[in-house]
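File shown: protein.txt (compact mmCIF, all heavy atoms).
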```
# COMPACT_ATOMS: atom_id res chain seq x y z
N MET U 2 186.71 212.27 -64.06
CA MET U 2 186.28 211.25 -64.99
C MET U 2 186.50 211.77 -66.41
O MET U 2 186.14 212.89 -66.73
CB MET U 2 184.81 210.93 -64.74
CG MET U 2 184.32 209.81 -65.56
SD MET U 2 182.70 209.09 -65.11
CE MET U 2 181.79 210.39 -64.39
N GLN U 3 187.08 210.94 -67.22
CA GLN U 3 187.35 211.31 -68.60
C GLN U 3 186.19 210.90 -69.50
O GLN U 3 185.35 210.09 -69.13
CB GLN U 3 188.64 210.64 -69.07
CG GLN U 3 189.85 211.09 -68.29
CD GLN U 3 191.10 210.35 -68.73
OE1 GLN U 3 191.05 209.52 -69.62
NE2 GLN U 3 192.22 210.67 -68.10
N ALA U 4 186.17 211.46 -70.69
CA ALA U 4 185.08 211.16 -71.64
C ALA U 4 185.02 209.68 -71.97
O ALA U 4 183.94 209.11 -72.06
CB ALA U 4 185.24 211.99 -72.91
N ASN U 5 186.16 209.05 -72.14
CA ASN U 5 186.14 207.62 -72.48
C ASN U 5 185.65 206.79 -71.30
O ASN U 5 185.11 205.71 -71.49
CB ASN U 5 187.49 207.14 -72.99
CG ASN U 5 188.62 207.35 -72.00
OD1 ASN U 5 188.47 208.05 -71.00
ND2 ASN U 5 189.75 206.76 -72.27
N ASP U 6 185.81 207.29 -70.06
CA ASP U 6 185.25 206.59 -68.90
C ASP U 6 183.73 206.64 -68.94
O ASP U 6 183.07 205.66 -68.62
CB ASP U 6 185.74 207.22 -67.60
CG ASP U 6 187.21 206.97 -67.33
OD1 ASP U 6 187.78 206.02 -67.90
OD2 ASP U 6 187.79 207.74 -66.54
N GLN U 7 183.18 207.77 -69.33
CA GLN U 7 181.73 207.91 -69.42
C GLN U 7 181.15 206.95 -70.46
O GLN U 7 180.10 206.36 -70.24
CB GLN U 7 181.34 209.34 -69.75
CG GLN U 7 181.63 210.30 -68.62
CD GLN U 7 181.33 211.74 -68.99
OE1 GLN U 7 181.25 212.08 -70.17
NE2 GLN U 7 181.15 212.58 -68.00
N ILE U 8 181.84 206.79 -71.55
CA ILE U 8 181.39 205.86 -72.59
C ILE U 8 181.43 204.43 -72.05
O ILE U 8 180.49 203.66 -72.25
CB ILE U 8 182.25 206.00 -73.87
CG1 ILE U 8 182.01 207.37 -74.50
CG2 ILE U 8 181.94 204.88 -74.86
CD1 ILE U 8 182.99 207.72 -75.60
N LEU U 9 182.51 204.09 -71.36
CA LEU U 9 182.63 202.75 -70.77
C LEU U 9 181.51 202.51 -69.76
O LEU U 9 180.86 201.46 -69.79
CB LEU U 9 183.99 202.58 -70.11
CG LEU U 9 184.18 201.28 -69.33
CD1 LEU U 9 184.12 200.07 -70.25
CD2 LEU U 9 185.48 201.31 -68.56
N PHE U 10 181.26 203.47 -68.87
CA PHE U 10 180.21 203.33 -67.86
C PHE U 10 178.85 203.15 -68.53
O PHE U 10 178.03 202.34 -68.10
CB PHE U 10 180.17 204.53 -66.92
CG PHE U 10 181.36 204.61 -66.00
CD1 PHE U 10 181.75 205.82 -65.47
CD2 PHE U 10 182.08 203.49 -65.64
CE1 PHE U 10 182.82 205.93 -64.62
CE2 PHE U 10 183.17 203.57 -64.79
CZ PHE U 10 183.54 204.79 -64.28
N PHE U 11 178.58 203.92 -69.58
CA PHE U 11 177.32 203.80 -70.29
C PHE U 11 177.16 202.41 -70.89
O PHE U 11 176.10 201.79 -70.78
CB PHE U 11 177.20 204.88 -71.37
CG PHE U 11 175.94 204.79 -72.16
CD1 PHE U 11 174.75 205.24 -71.63
CD2 PHE U 11 175.94 204.24 -73.43
CE1 PHE U 11 173.56 205.15 -72.35
CE2 PHE U 11 174.76 204.15 -74.16
CZ PHE U 11 173.58 204.60 -73.62
N ARG U 12 178.20 201.92 -71.53
CA ARG U 12 178.13 200.58 -72.15
C ARG U 12 177.96 199.49 -71.10
O ARG U 12 177.21 198.53 -71.32
CB ARG U 12 179.38 200.33 -72.99
CG ARG U 12 179.39 201.15 -74.25
CD ARG U 12 180.60 200.86 -75.08
NE ARG U 12 180.59 201.65 -76.31
CZ ARG U 12 181.63 201.78 -77.10
NH1 ARG U 12 182.77 201.19 -76.82
NH2 ARG U 12 181.53 202.51 -78.19
N LEU U 13 178.64 199.62 -69.98
CA LEU U 13 178.49 198.63 -68.91
C LEU U 13 177.07 198.68 -68.34
O LEU U 13 176.47 197.63 -68.07
CB LEU U 13 179.52 198.87 -67.80
CG LEU U 13 180.96 198.57 -68.17
CD1 LEU U 13 181.90 199.05 -67.06
CD2 LEU U 13 181.17 197.09 -68.44
N ALA U 14 176.54 199.87 -68.17
CA ALA U 14 175.17 200.00 -67.66
C ALA U 14 174.18 199.38 -68.64
O ALA U 14 173.22 198.72 -68.22
CB ALA U 14 174.84 201.48 -67.43
N GLN U 15 174.37 199.58 -69.93
CA GLN U 15 173.49 198.98 -70.92
C GLN U 15 173.54 197.45 -70.84
O GLN U 15 172.52 196.78 -70.98
CB GLN U 15 173.84 199.46 -72.33
CG GLN U 15 173.55 200.93 -72.56
CD GLN U 15 172.11 201.29 -72.28
OE1 GLN U 15 171.19 200.64 -72.73
NE2 GLN U 15 171.91 202.34 -71.50
N ARG U 16 174.72 196.92 -70.60
CA ARG U 16 174.86 195.46 -70.46
C ARG U 16 174.13 194.97 -69.21
O ARG U 16 173.42 193.96 -69.25
CB ARG U 16 176.35 195.10 -70.38
CG ARG U 16 176.65 193.68 -70.07
CD ARG U 16 176.35 192.77 -71.22
NE ARG U 16 176.81 191.43 -70.87
CZ ARG U 16 176.43 190.35 -71.47
NH1 ARG U 16 175.62 190.43 -72.49
NH2 ARG U 16 176.86 189.18 -71.10
N ILE U 17 174.27 195.70 -68.12
CA ILE U 17 173.58 195.33 -66.88
C ILE U 17 172.07 195.40 -67.09
O ILE U 17 171.34 194.49 -66.70
CB ILE U 17 174.02 196.24 -65.72
CG1 ILE U 17 175.49 195.97 -65.36
CG2 ILE U 17 173.13 196.04 -64.50
CD1 ILE U 17 176.10 196.98 -64.42
N LEU U 18 171.60 196.47 -67.71
CA LEU U 18 170.16 196.62 -67.95
C LEU U 18 169.61 195.51 -68.85
O LEU U 18 168.46 195.12 -68.72
CB LEU U 18 169.87 197.99 -68.55
CG LEU U 18 170.02 199.17 -67.60
CD1 LEU U 18 169.93 200.48 -68.37
CD2 LEU U 18 168.98 199.11 -66.51
N SER U 19 170.44 195.02 -69.75
CA SER U 19 169.98 193.96 -70.65
C SER U 19 169.73 192.64 -69.91
O SER U 19 169.03 191.77 -70.43
CB SER U 19 170.98 193.74 -71.78
OG SER U 19 172.13 193.04 -71.33
N LYS U 20 170.28 192.52 -68.73
CA LYS U 20 170.11 191.30 -67.93
C LYS U 20 168.98 191.40 -66.92
O LYS U 20 168.73 190.47 -66.17
CB LYS U 20 171.42 190.96 -67.20
CG LYS U 20 172.59 190.72 -68.14
CD LYS U 20 172.30 189.53 -69.03
CE LYS U 20 173.44 189.25 -69.99
NZ LYS U 20 173.11 188.16 -70.91
N GLN U 21 168.29 192.54 -66.88
CA GLN U 21 167.20 192.74 -65.93
C GLN U 21 166.01 191.86 -66.31
O GLN U 21 165.63 191.78 -67.48
CB GLN U 21 166.79 194.20 -65.91
CG GLN U 21 165.80 194.55 -64.84
CD GLN U 21 165.49 196.05 -64.80
OE1 GLN U 21 165.66 196.74 -65.79
NE2 GLN U 21 165.05 196.51 -63.67
N SER U 22 165.41 191.22 -65.32
CA SER U 22 164.23 190.38 -65.54
C SER U 22 163.01 191.25 -65.82
O SER U 22 162.99 192.44 -65.53
CB SER U 22 163.95 189.52 -64.32
OG SER U 22 165.03 188.66 -64.06
N ASP U 23 161.97 190.64 -66.35
CA ASP U 23 160.72 191.35 -66.63
C ASP U 23 160.11 191.95 -65.37
O ASP U 23 159.42 192.96 -65.43
CB ASP U 23 159.71 190.42 -67.30
CG ASP U 23 160.12 190.03 -68.70
OD1 ASP U 23 160.92 190.78 -69.32
OD2 ASP U 23 159.65 188.99 -69.18
N ASN U 24 160.36 191.32 -64.21
CA ASN U 24 159.79 191.83 -62.96
C ASN U 24 160.63 192.95 -62.35
O ASN U 24 160.31 193.45 -61.28
CB ASN U 24 159.60 190.70 -61.96
CG ASN U 24 160.90 190.09 -61.47
OD1 ASN U 24 161.99 190.52 -61.85
ND2 ASN U 24 160.80 189.09 -60.63
N GLY U 25 161.73 193.35 -63.01
CA GLY U 25 162.55 194.46 -62.54
C GLY U 25 163.73 194.05 -61.69
O GLY U 25 164.53 194.90 -61.29
N ALA U 26 163.87 192.77 -61.40
CA ALA U 26 164.96 192.28 -60.55
C ALA U 26 166.07 191.66 -61.41
O ALA U 26 165.90 191.45 -62.60
CB ALA U 26 164.43 191.25 -59.57
N TRP U 27 167.19 191.41 -60.77
CA TRP U 27 168.29 190.70 -61.41
C TRP U 27 168.52 189.39 -60.67
O TRP U 27 168.28 189.30 -59.48
CB TRP U 27 169.57 191.52 -61.36
CG TRP U 27 169.66 192.58 -62.38
CD1 TRP U 27 170.27 192.48 -63.60
CD2 TRP U 27 169.15 193.91 -62.32
NE1 TRP U 27 170.15 193.66 -64.29
CE2 TRP U 27 169.48 194.56 -63.53
CE3 TRP U 27 168.43 194.63 -61.36
CZ2 TRP U 27 169.12 195.87 -63.79
CZ3 TRP U 27 168.08 195.93 -61.62
CH2 TRP U 27 168.43 196.54 -62.82
N LYS U 28 168.96 188.39 -61.40
CA LYS U 28 169.27 187.07 -60.83
C LYS U 28 170.77 186.86 -60.83
O LYS U 28 171.47 187.39 -61.70
CB LYS U 28 168.60 185.97 -61.66
CG LYS U 28 167.10 186.03 -61.66
CD LYS U 28 166.52 184.91 -62.49
CE LYS U 28 165.01 184.94 -62.46
NZ LYS U 28 164.43 183.80 -63.18
N LEU U 29 171.24 186.06 -59.88
CA LEU U 29 172.65 185.67 -59.88
C LEU U 29 172.87 184.53 -60.87
O LEU U 29 173.92 184.43 -61.49
CB LEU U 29 173.10 185.24 -58.49
CG LEU U 29 173.36 186.35 -57.49
CD1 LEU U 29 173.73 185.77 -56.14
CD2 LEU U 29 174.45 187.28 -57.97
N PHE U 30 171.87 183.66 -60.98
CA PHE U 30 171.95 182.50 -61.86
C PHE U 30 170.72 182.46 -62.75
O PHE U 30 169.62 182.78 -62.31
CB PHE U 30 172.03 181.20 -61.03
CG PHE U 30 173.13 181.22 -60.01
CD1 PHE U 30 172.86 181.47 -58.68
CD2 PHE U 30 174.45 181.01 -60.40
CE1 PHE U 30 173.87 181.50 -57.74
CE2 PHE U 30 175.47 181.05 -59.47
CZ PHE U 30 175.18 181.29 -58.14
N ALA U 31 170.89 182.06 -63.98
CA ALA U 31 169.79 182.06 -64.94
C ALA U 31 168.64 181.15 -64.51
O ALA U 31 167.48 181.42 -64.82
CB ALA U 31 170.30 181.63 -66.31
N ASP U 32 168.94 180.09 -63.78
CA ASP U 32 167.90 179.14 -63.39
C ASP U 32 167.35 179.38 -61.99
O ASP U 32 166.68 178.52 -61.43
CB ASP U 32 168.41 177.71 -63.53
CG ASP U 32 169.60 177.41 -62.63
OD1 ASP U 32 170.15 178.36 -62.03
OD2 ASP U 32 169.99 176.23 -62.53
N GLU U 33 167.58 180.55 -61.42
CA GLU U 33 167.00 180.86 -60.11
C GLU U 33 165.48 180.83 -60.21
O GLU U 33 164.90 181.39 -61.14
CB GLU U 33 167.42 182.27 -59.64
CG GLU U 33 168.61 182.25 -58.72
CD GLU U 33 168.91 183.63 -58.18
OE1 GLU U 33 169.29 184.50 -58.97
OE2 GLU U 33 168.76 183.82 -56.97
N GLU U 34 164.85 180.17 -59.26
CA GLU U 34 163.40 179.99 -59.33
C GLU U 34 162.62 181.15 -58.73
O GLU U 34 161.51 181.42 -59.14
CB GLU U 34 163.00 178.68 -58.65
CG GLU U 34 163.52 177.46 -59.39
CD GLU U 34 163.07 176.17 -58.78
OE1 GLU U 34 162.14 176.18 -57.95
OE2 GLU U 34 163.65 175.14 -59.13
N ASN U 35 163.19 181.85 -57.77
CA ASN U 35 162.46 182.98 -57.19
C ASN U 35 162.53 184.17 -58.14
O ASN U 35 163.17 184.13 -59.18
CB ASN U 35 162.99 183.32 -55.81
CG ASN U 35 164.48 183.66 -55.81
OD1 ASN U 35 165.11 183.67 -56.84
ND2 ASN U 35 165.01 183.94 -54.65
N GLY U 36 161.89 185.25 -57.80
CA GLY U 36 161.78 186.41 -58.68
C GLY U 36 163.09 187.09 -58.99
O GLY U 36 163.21 187.79 -59.98
N GLY U 37 164.08 186.93 -58.16
CA GLY U 37 165.37 187.57 -58.36
C GLY U 37 166.17 187.55 -57.08
O GLY U 37 165.70 187.08 -56.05
N ASN U 38 167.35 188.10 -57.12
CA ASN U 38 168.25 188.12 -55.98
C ASN U 38 168.34 189.55 -55.47
O ASN U 38 168.70 190.46 -56.23
CB ASN U 38 169.61 187.58 -56.39
CG ASN U 38 170.57 187.52 -55.24
OD1 ASN U 38 171.12 188.54 -54.85
ND2 ASN U 38 170.76 186.34 -54.71
N LEU U 39 168.04 189.76 -54.19
CA LEU U 39 168.00 191.10 -53.63
C LEU U 39 169.37 191.78 -53.73
O LEU U 39 169.46 192.94 -54.16
CB LEU U 39 167.53 191.06 -52.17
CG LEU U 39 167.48 192.41 -51.46
CD1 LEU U 39 166.53 193.36 -52.17
CD2 LEU U 39 167.08 192.23 -50.01
N SER U 40 170.43 191.09 -53.36
CA SER U 40 171.76 191.69 -53.40
C SER U 40 172.17 192.07 -54.83
O SER U 40 172.70 193.16 -55.06
CB SER U 40 172.80 190.74 -52.81
OG SER U 40 172.56 190.54 -51.45
N ALA U 41 171.91 191.19 -55.76
CA ALA U 41 172.25 191.47 -57.16
C ALA U 41 171.43 192.64 -57.69
O ALA U 41 171.95 193.48 -58.43
CB ALA U 41 172.01 190.23 -58.02
N THR U 42 170.17 192.73 -57.29
CA THR U 42 169.31 193.81 -57.74
C THR U 42 169.78 195.15 -57.18
O THR U 42 169.86 196.15 -57.92
CB THR U 42 167.85 193.54 -57.33
OG1 THR U 42 167.44 192.32 -57.97
CG2 THR U 42 166.93 194.66 -57.76
N VAL U 43 170.14 195.19 -55.90
CA VAL U 43 170.62 196.44 -55.30
C VAL U 43 171.91 196.88 -55.97
O VAL U 43 172.09 198.06 -56.31
CB VAL U 43 170.81 196.26 -53.77
CG1 VAL U 43 171.56 197.44 -53.17
CG2 VAL U 43 169.47 196.07 -53.09
N GLU U 44 172.82 195.96 -56.19
CA GLU U 44 174.09 196.30 -56.83
C GLU U 44 173.88 196.79 -58.26
O GLU U 44 174.54 197.73 -58.72
CB GLU U 44 175.04 195.11 -56.81
CG GLU U 44 175.59 194.82 -55.43
CD GLU U 44 176.61 193.70 -55.42
OE1 GLU U 44 177.26 193.45 -56.46
OE2 GLU U 44 176.75 193.06 -54.37
N ALA U 45 172.97 196.16 -58.98
CA ALA U 45 172.71 196.56 -60.36
C ALA U 45 172.08 197.96 -60.42
O ALA U 45 172.47 198.78 -61.24
CB ALA U 45 171.79 195.54 -61.04
N TYR U 46 171.13 198.23 -59.52
CA TYR U 46 170.52 199.56 -59.48
C TYR U 46 171.57 200.62 -59.15
O TYR U 46 171.60 201.69 -59.74
CB TYR U 46 169.39 199.61 -58.45
CG TYR U 46 168.03 199.34 -59.03
CD1 TYR U 46 167.52 198.05 -59.07
CD2 TYR U 46 167.27 200.37 -59.53
CE1 TYR U 46 166.27 197.80 -59.61
CE2 TYR U 46 166.01 200.13 -60.07
CZ TYR U 46 165.52 198.84 -60.10
OH TYR U 46 164.29 198.60 -60.63
N TYR U 47 172.43 200.33 -58.20
CA TYR U 47 173.48 201.28 -57.80
C TYR U 47 174.42 201.54 -58.97
O TYR U 47 174.76 202.68 -59.27
CB TYR U 47 174.25 200.75 -56.59
CG TYR U 47 175.32 201.70 -56.15
CD1 TYR U 47 175.01 202.80 -55.36
CD2 TYR U 47 176.64 201.52 -56.53
CE1 TYR U 47 176.00 203.69 -54.96
CE2 TYR U 47 177.63 202.40 -56.14
CZ TYR U 47 177.30 203.48 -55.35
OH TYR U 47 178.28 204.35 -54.98
N ALA U 48 174.87 200.47 -59.63
CA ALA U 48 175.81 200.60 -60.75
C ALA U 48 175.19 201.40 -61.89
O ALA U 48 175.84 202.28 -62.47
CB ALA U 48 176.25 199.23 -61.24
N CYS U 49 173.94 201.11 -62.21
CA CYS U 49 173.28 201.85 -63.29
C CYS U 49 173.07 203.31 -62.91
O CYS U 49 173.24 204.21 -63.74
CB CYS U 49 171.95 201.19 -63.63
SG CYS U 49 172.14 199.60 -64.44
N GLY U 50 172.70 203.55 -61.67
CA GLY U 50 172.52 204.93 -61.21
C GLY U 50 173.82 205.71 -61.25
O GLY U 50 173.85 206.87 -61.65
N PHE U 51 174.92 205.07 -60.87
CA PHE U 51 176.23 205.70 -60.93
C PHE U 51 176.60 206.08 -62.36
O PHE U 51 177.17 207.14 -62.62
CB PHE U 51 177.30 204.77 -60.34
CG PHE U 51 178.68 205.35 -60.35
CD1 PHE U 51 179.08 206.24 -59.37
CD2 PHE U 51 179.58 204.99 -61.34
CE1 PHE U 51 180.34 206.79 -59.39
CE2 PHE U 51 180.87 205.53 -61.36
CZ PHE U 51 181.25 206.42 -60.38
N ALA U 52 176.22 205.21 -63.29
CA ALA U 52 176.54 205.45 -64.71
C ALA U 52 175.54 206.41 -65.35
O ALA U 52 175.75 206.82 -66.48
CB ALA U 52 176.55 204.13 -65.46
N GLY U 53 174.46 206.75 -64.65
CA GLY U 53 173.48 207.68 -65.20
C GLY U 53 172.39 207.01 -66.02
O GLY U 53 171.63 207.67 -66.71
N ALA U 54 172.34 205.70 -66.01
CA ALA U 54 171.31 204.95 -66.75
C ALA U 54 170.42 204.28 -65.74
O ALA U 54 170.75 203.24 -65.19
CB ALA U 54 171.96 203.91 -67.66
N HIS U 55 169.26 204.88 -65.46
CA HIS U 55 168.40 204.39 -64.40
C HIS U 55 167.44 203.34 -64.91
O HIS U 55 166.76 203.56 -65.90
CB HIS U 55 167.64 205.55 -63.77
CG HIS U 55 168.55 206.59 -63.21
ND1 HIS U 55 169.21 206.43 -62.03
CD2 HIS U 55 168.96 207.78 -63.71
CE1 HIS U 55 169.97 207.48 -61.80
NE2 HIS U 55 169.83 208.32 -62.82
N PRO U 56 167.38 202.19 -64.22
CA PRO U 56 166.46 201.12 -64.64
C PRO U 56 165.03 201.62 -64.68
O PRO U 56 164.59 202.38 -63.82
CB PRO U 56 166.63 200.06 -63.54
CG PRO U 56 167.99 200.33 -62.97
CD PRO U 56 168.16 201.82 -63.06
N GLY U 57 164.31 201.21 -65.69
CA GLY U 57 162.92 201.59 -65.83
C GLY U 57 162.68 202.91 -66.52
O GLY U 57 161.57 203.27 -66.82
N SER U 58 163.76 203.64 -66.82
CA SER U 58 163.60 204.93 -67.47
C SER U 58 163.97 204.88 -68.95
O SER U 58 164.04 205.90 -69.61
CB SER U 58 164.47 206.00 -66.78
OG SER U 58 165.84 205.72 -66.99
N GLY U 59 164.28 203.69 -69.43
CA GLY U 59 164.66 203.54 -70.83
C GLY U 59 166.12 203.86 -71.08
O GLY U 59 166.55 204.05 -72.19
N GLY U 60 166.94 203.88 -69.99
CA GLY U 60 168.36 204.11 -70.17
C GLY U 60 168.71 205.43 -69.70
O GLY U 60 169.43 206.24 -69.84
```

Would you mind writing the file out in structure tokens?
Amino acid sequence: MQANDQILFFRLAQRILSKQSDNGAWKLFADEENGGNLSATVEAYYACGFAGAHPGSGG
């Protein structure tokens, strides 16, 4: 992994984290009525963890 890849991963993780709901989940659609989407939440946690920015830890 190159340095510019790490910067890209960090920025992508920040974007993903910015879409996290107050309850800690992610939604597929903005108007979803339930608390969040399980598949989207698992994928978002995995992507953020891969980038080194863990949800709930402030980045």

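For the choices U:Ala54, U:Leu39, U:Ala31, U:Ala45, the atom-to-atom distance to Gln15 in chain U is smallest for U:Ala54 when using all atoms listed in the file.
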
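In this structure, atom C of Ala52 in chain U sits 14.3 Å away from CE3 of Trp27 in chain U.
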
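We find OD1 of Asn35 in chain U and atom O of Phe10 in chain U to be spaced 25.3 Å apart.
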
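CA of Pro56 in chain U is positioned 17.4 Å from CA of Gln7 in chain U.
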
- Note on the structure: Residue with the minimum atom-to-atom distance to Val43 in chain U, picked from U:Ile8, U:His55, U:Ala26, U:Ser19 with only C-alpha atoms counted, is U:Ala26

- Which of chain U fall in alpha helix (DSSP H), as JSON, numbers by chain: {"U": [4, 5, 6, 7, 8, 9, 10, 11, 12, 13, 14, 15, 16, 17, 18, 19, 39, 40, 41, 42, 43, 44, 45, 46, 47, 48, 49, 50, 51, 52]}
